[in-house]
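Below is one structure, written out as structure tokens, with a few remarks after it.
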Amino acid sequence: MSPSLAQNMSTTSSSSSNIWLVSYLKLQFFSRIRRFLQSKAARKRRTDSNHVDSINTSSTTSKTLINHQEVIQVAVEEQIENDSSVVLQKSVKRIHFGSWEEKEMAALEIQRIAKEDVKIKKLMAELGVIHVLVSMVATEVVGRRQAAVQALIELANGTYTNKALMVEAGILTKLPKNVDVVDKSTRREFAELILLLSSLANKQFSLSSSEILPFLVGILESESSLETKELCIGTLYNLSAVLENAGPLVSNGVVSTVLKLCSVKELSEKSLATLGNLVVTLMGKKAMEDSPLVPDSLIEILTWEEKPKCQESSAYILMILAHQSSAQRDKMAKSGIVHVILEVALLGSPLAQKRALKLLQWFKDERQAKMGPHSGPQTGRIAMGSPVNPREAQEGKKFMKNLVKQSLHKNMEMITRRANAADDSSKLKSLVISTSSKSLPY
């Protein structure tokens with residue numbers, strides 16, 4: 001080995017040791033300060049108690065007993081705090097300088113201590129613990145990786161600074177590339193950690209969504225538990241709330257994946273909220289228009305009377321898709337949407353009713369516009385509100401009124417049957433969905 005190479009290695013080793021030494025000394029300093037403040041507060045409480053005892057001579061015996069109890073309690077608290085400080089010192093020392101097995105045990109201790117004391121979370125960041133835990137996430141040893149992820153979850157919970165430090169340390173690059181090789185419990189823990197980190201997106205913190213999305217989509221399309229999928233959808237919802245993330249979300253197939261999950265009632269509310277954020281963007285709207293699941297899956301959700309929030313979200317998405325798009329309105333009409341939104345307009349929540357009525361108005365206007373070309377030998381399309389003559393306009397209005405009355409009468413009969421025969425409710429819902437739109441030729 002050349003002298004220069006040996007000197008460089010010695011310098012690097014010395015520099016690394018200095019960093020850990022500074023961290024260790026800092027930990028000792030904080031621990032001493034903490035014990036000093038606690039002992040000072042304890043002495044003050046004992047002094048105050050003794051002063052009160054000297055003034056109130058009438059209850060000397062009882063106050064002496066109380067004073068003794070306080071002294072014992074303070075002593076116990078000091079002992080507990082001292083024990084915690086010792087454990088903290090050992091854990092930080094092991095996670096920096098220990099073997100891999102010692103690092104794993106230290107990560108479990110850090111998780112426990114951080115869970116019991118919120119102030120410890122900020123101290124951990126100052127002592128450089130987060131960077132070491134992030135590096136442990138990339139290991140192939142399942143137990144070691146799981147201990148690191150669990151500790152990071154506890155340190156990230158409720159602290160913006162720690163979350164930012166984890167992202168800066170490259171936690172997103174440590175995510176498993178293949179979801180199938182990760183066990184279900186580890187998937188859930190990774191999903192929980194990413195959900196905590198995704199809250200940074202709402203504070204304009206730069207998140208590289210391209211690193212997160214393949215992992216999330218992989219979990220949603222795998223045989224993971226509903227709880228794990230719910231965590232992933234929560235992350236997608238947080239990311240979709242930022243307009244700049246719409247492009248990566250759509251290009252990674254999030255729209256088609258979430259549309260499939262809308263039919264799962266346990267996941268539907270957050271899934272529809274995510275789609276509601278994306279449908280207002282050009283890319284998101286185009287992806288939904290091209291999906292074979294639209295509009296049938298959204299119309300099906302409109303029949304979920306026990307899920308009013310889902311009805312409202314579904315009606316909102318359908319409104320956005322139908323707005324200024326005759327092609328989408330034609331698809332919806334052929335899927336039998338008119339009968340369904342009539343029922344929502346009668347029985348839905350106030351917001352769902354408002355949106356359903358708006359859709360009905362558009363379908364009515366669409367019908368009136370289509371009647372124009374067939375009311376005479378005109379070759380061009382006749383604009384709505386410009387009939388050929390007053391007589392034909394009056395006939396068109398009567399025709400539309402009759403159609404609406406027939407449809408309302410039919411729906412009222414169906415609603416009455418539902419009220420009188422609870423056993424037939426499932427058959428009625430099937431009828432509402434599958435009924436042909438011949439009675440309303442929209």
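Identifiers in the structure tokens: chain A, B, ... in order shown; residue index from 1 per chain; ligand index from 1 in order shown.
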Per-residue nearest contacts of stretch 296-368 of chain A to stretch 271-291 of chain A (10 Å; only C-alpha atoms) as CSV:
```
residue,atom,partner,partner_atom,distance
A:Leu298,CA,A:Leu272,CA,9.2
A:Ile301,CA,A:Leu272,CA,9.9
A:Lys309,CA,A:Leu272,CA,9.3
A:Cys310,CA,A:Leu272,CA,7.0
A:Gln311,CA,A:Leu272,CA,9.6
A:Glu312,CA,A:Leu272,CA,9.5
A:Ser313,CA,A:Leu272,CA,6.0
A:Ser314,CA,A:Leu272,CA,6.8
A:Tyr316,CA,A:Gly276,CA,7.4
A:Ile317,CA,A:Gly276,CA,6.0
A:Leu318,CA,A:Val279,CA,9.5
A:Ile320,CA,A:Val279,CA,7.1
A:Leu321,CA,A:Lys285,CA,6.9
A:Ala322,CA,A:Glu289,CA,9.8
A:Ala327,CA,A:Glu289,CA,9.6
A:Gln328,CA,A:Glu289,CA,7.5
```
I need the chosen residues saved as a PDB file, in the first residue's frame, with N, CA and C atoms.
```pdb
ATOM      1  N   LEU A 298     -69.124   4.108 -12.617  1.00  0.00           N
ATOM      2  CA  LEU A 298     -69.568   5.298 -11.886  1.00  0.00           C
ATOM      3  C   LEU A 298     -71.088   5.337 -11.757  1.00  0.00           C
ATOM      4  N   ILE A 301     -72.116   3.110  -8.939  1.00  0.00           N
ATOM      5  CA  ILE A 301     -71.907   3.716  -7.614  1.00  0.00           C
ATOM      6  C   ILE A 301     -73.048   4.658  -7.259  1.00  0.00           C
ATOM      7  N   LYS A 309     -71.661   9.707   0.374  1.00  0.00           N
ATOM      8  CA  LYS A 309     -70.439  10.404  -0.057  1.00  0.00           C
ATOM      9  C   LYS A 309     -69.965   9.876  -1.407  1.00  0.00           C
ATOM     10  N   CYS A 310     -70.072   8.572  -1.591  1.00  0.00           N
ATOM     11  CA  CYS A 310     -69.668   7.979  -2.866  1.00  0.00           C
ATOM     12  C   CYS A 310     -70.602   8.430  -3.989  1.00  0.00           C
ATOM     13  N   GLN A 311     -71.895   8.523  -3.697  1.00  0.00           N
ATOM     14  CA  GLN A 311     -72.839   9.024  -4.701  1.00  0.00           C
ATOM     15  C   GLN A 311     -72.477  10.447  -5.122  1.00  0.00           C
ATOM     16  N   GLU A 312     -72.159  11.273  -4.158  1.00  0.00           N
ATOM     17  CA  GLU A 312     -71.811  12.661  -4.462  1.00  0.00           C
ATOM     18  C   GLU A 312     -70.545  12.750  -5.313  1.00  0.00           C
ATOM     19  N   SER A 313     -69.531  11.978  -4.947  1.00  0.00           N
ATOM     20  CA  SER A 313     -68.270  12.010  -5.697  1.00  0.00           C
ATOM     21  C   SER A 313     -68.455  11.464  -7.101  1.00  0.00           C
ATOM     22  N   SER A 314     -69.220  10.382  -7.225  1.00  0.00           N
ATOM     23  CA  SER A 314     -69.464   9.797  -8.545  1.00  0.00           C
ATOM     24  C   SER A 314     -70.220  10.774  -9.437  1.00  0.00           C
ATOM     25  N   TYR A 316     -70.173  13.977  -9.213  1.00  0.00           N
ATOM     26  CA  TYR A 316     -69.245  15.063  -9.548  1.00  0.00           C
ATOM     27  C   TYR A 316     -68.352  14.682 -10.731  1.00  0.00           C
ATOM     28  N   ILE A 317     -67.807  13.466 -10.693  1.00  0.00           N
ATOM     29  CA  ILE A 317     -66.932  13.016 -11.783  1.00  0.00           C
ATOM     30  C   ILE A 317     -67.715  12.922 -13.087  1.00  0.00           C
ATOM     31  N   LEU A 318     -68.939  12.394 -13.024  1.00  0.00           N
ATOM     32  CA  LEU A 318     -69.780  12.289 -14.228  1.00  0.00           C
ATOM     33  C   LEU A 318     -70.121  13.668 -14.777  1.00  0.00           C
ATOM     34  N   ILE A 320     -68.204  16.360 -14.600  1.00  0.00           N
ATOM     35  CA  ILE A 320     -67.007  16.865 -15.285  1.00  0.00           C
ATOM     36  C   ILE A 320     -66.844  16.196 -16.648  1.00  0.00           C
ATOM     37  N   LEU A 321     -67.084  14.890 -16.699  1.00  0.00           N
ATOM     38  CA  LEU A 321     -66.930  14.159 -17.963  1.00  0.00           C
ATOM     39  C   LEU A 321     -68.002  14.551 -18.975  1.00  0.00           C
ATOM     40  N   ALA A 322     -69.212  14.792 -18.505  1.00  0.00           N
ATOM     41  CA  ALA A 322     -70.324  15.099 -19.419  1.00  0.00           C
ATOM     42  C   ALA A 322     -70.315  16.543 -19.899  1.00  0.00           C
ATOM     43  N   ALA A 327     -70.221  13.229 -26.807  1.00  0.00           N
ATOM     44  CA  ALA A 327     -69.839  11.819 -26.926  1.00  0.00           C
ATOM     45  C   ALA A 327     -69.957  11.113 -25.575  1.00  0.00           C
ATOM     46  N   GLN A 328     -69.506  11.765 -24.519  1.00  0.00           N
ATOM     47  CA  GLN A 328     -69.626  11.167 -23.189  1.00  0.00           C
ATOM     48  C   GLN A 328     -71.076  11.097 -22.741  1.00  0.00           C
TER      49      GLN A 328
END
```
Skip A:Val141 itself and residues of its chain fewer than 4 positions away, then list as a PyMOL selection string all residues within 12 Å of it, counting only C-alpha atoms. chain A and resi 100-101+104+136-137+145-148+182+186
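Ranking A:Cys232, A:Ala191, A:Val86, A:Leu220 by their shortest atom-to-atom distance to A:Glu109, with only C-alpha atoms included, puts A:Val86 first.
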Near stretch 161-166 of chain A, counting only C-alpha atoms, which residues have an atom at most 10 Å away, once you skip same-chain residues fewer than 5 positions from it, shown as a ChimeraX atom specification? /A:121-122,124-126,128,130-131,133-134,152-153,155-156,171-172,193-194,196-200,205-207
How many Å separate atom CA of A:Val129 from atom CA of A:Val92? 7.0 Å
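Considering only C-alpha atoms, the residue among A:Arg112, A:Lys270, A:Arg188, A:Lys174 positioned nearest to A:Thr139 is A:Lys174.
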Given only C-alpha atoms as the basis, pick out the residue of A:Leu302, A:Ser224, A:Asn238, A:Val167 nearest to A:Asp180.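 That would be A:Ser224, the residue with the smallest distance to A:Asp180.
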Please provide the set of residues having any atom within 12 Å of A:Arg187, restricted to only C-alpha atoms, with same-chain residues fewer than 3 positions apart removed, written as a VMD selection string. chain A and resid 142 145 to 146 149 to 150 175 to 184 190 to 194 215 to 216 218 to 220 222 to 229 231 to 232
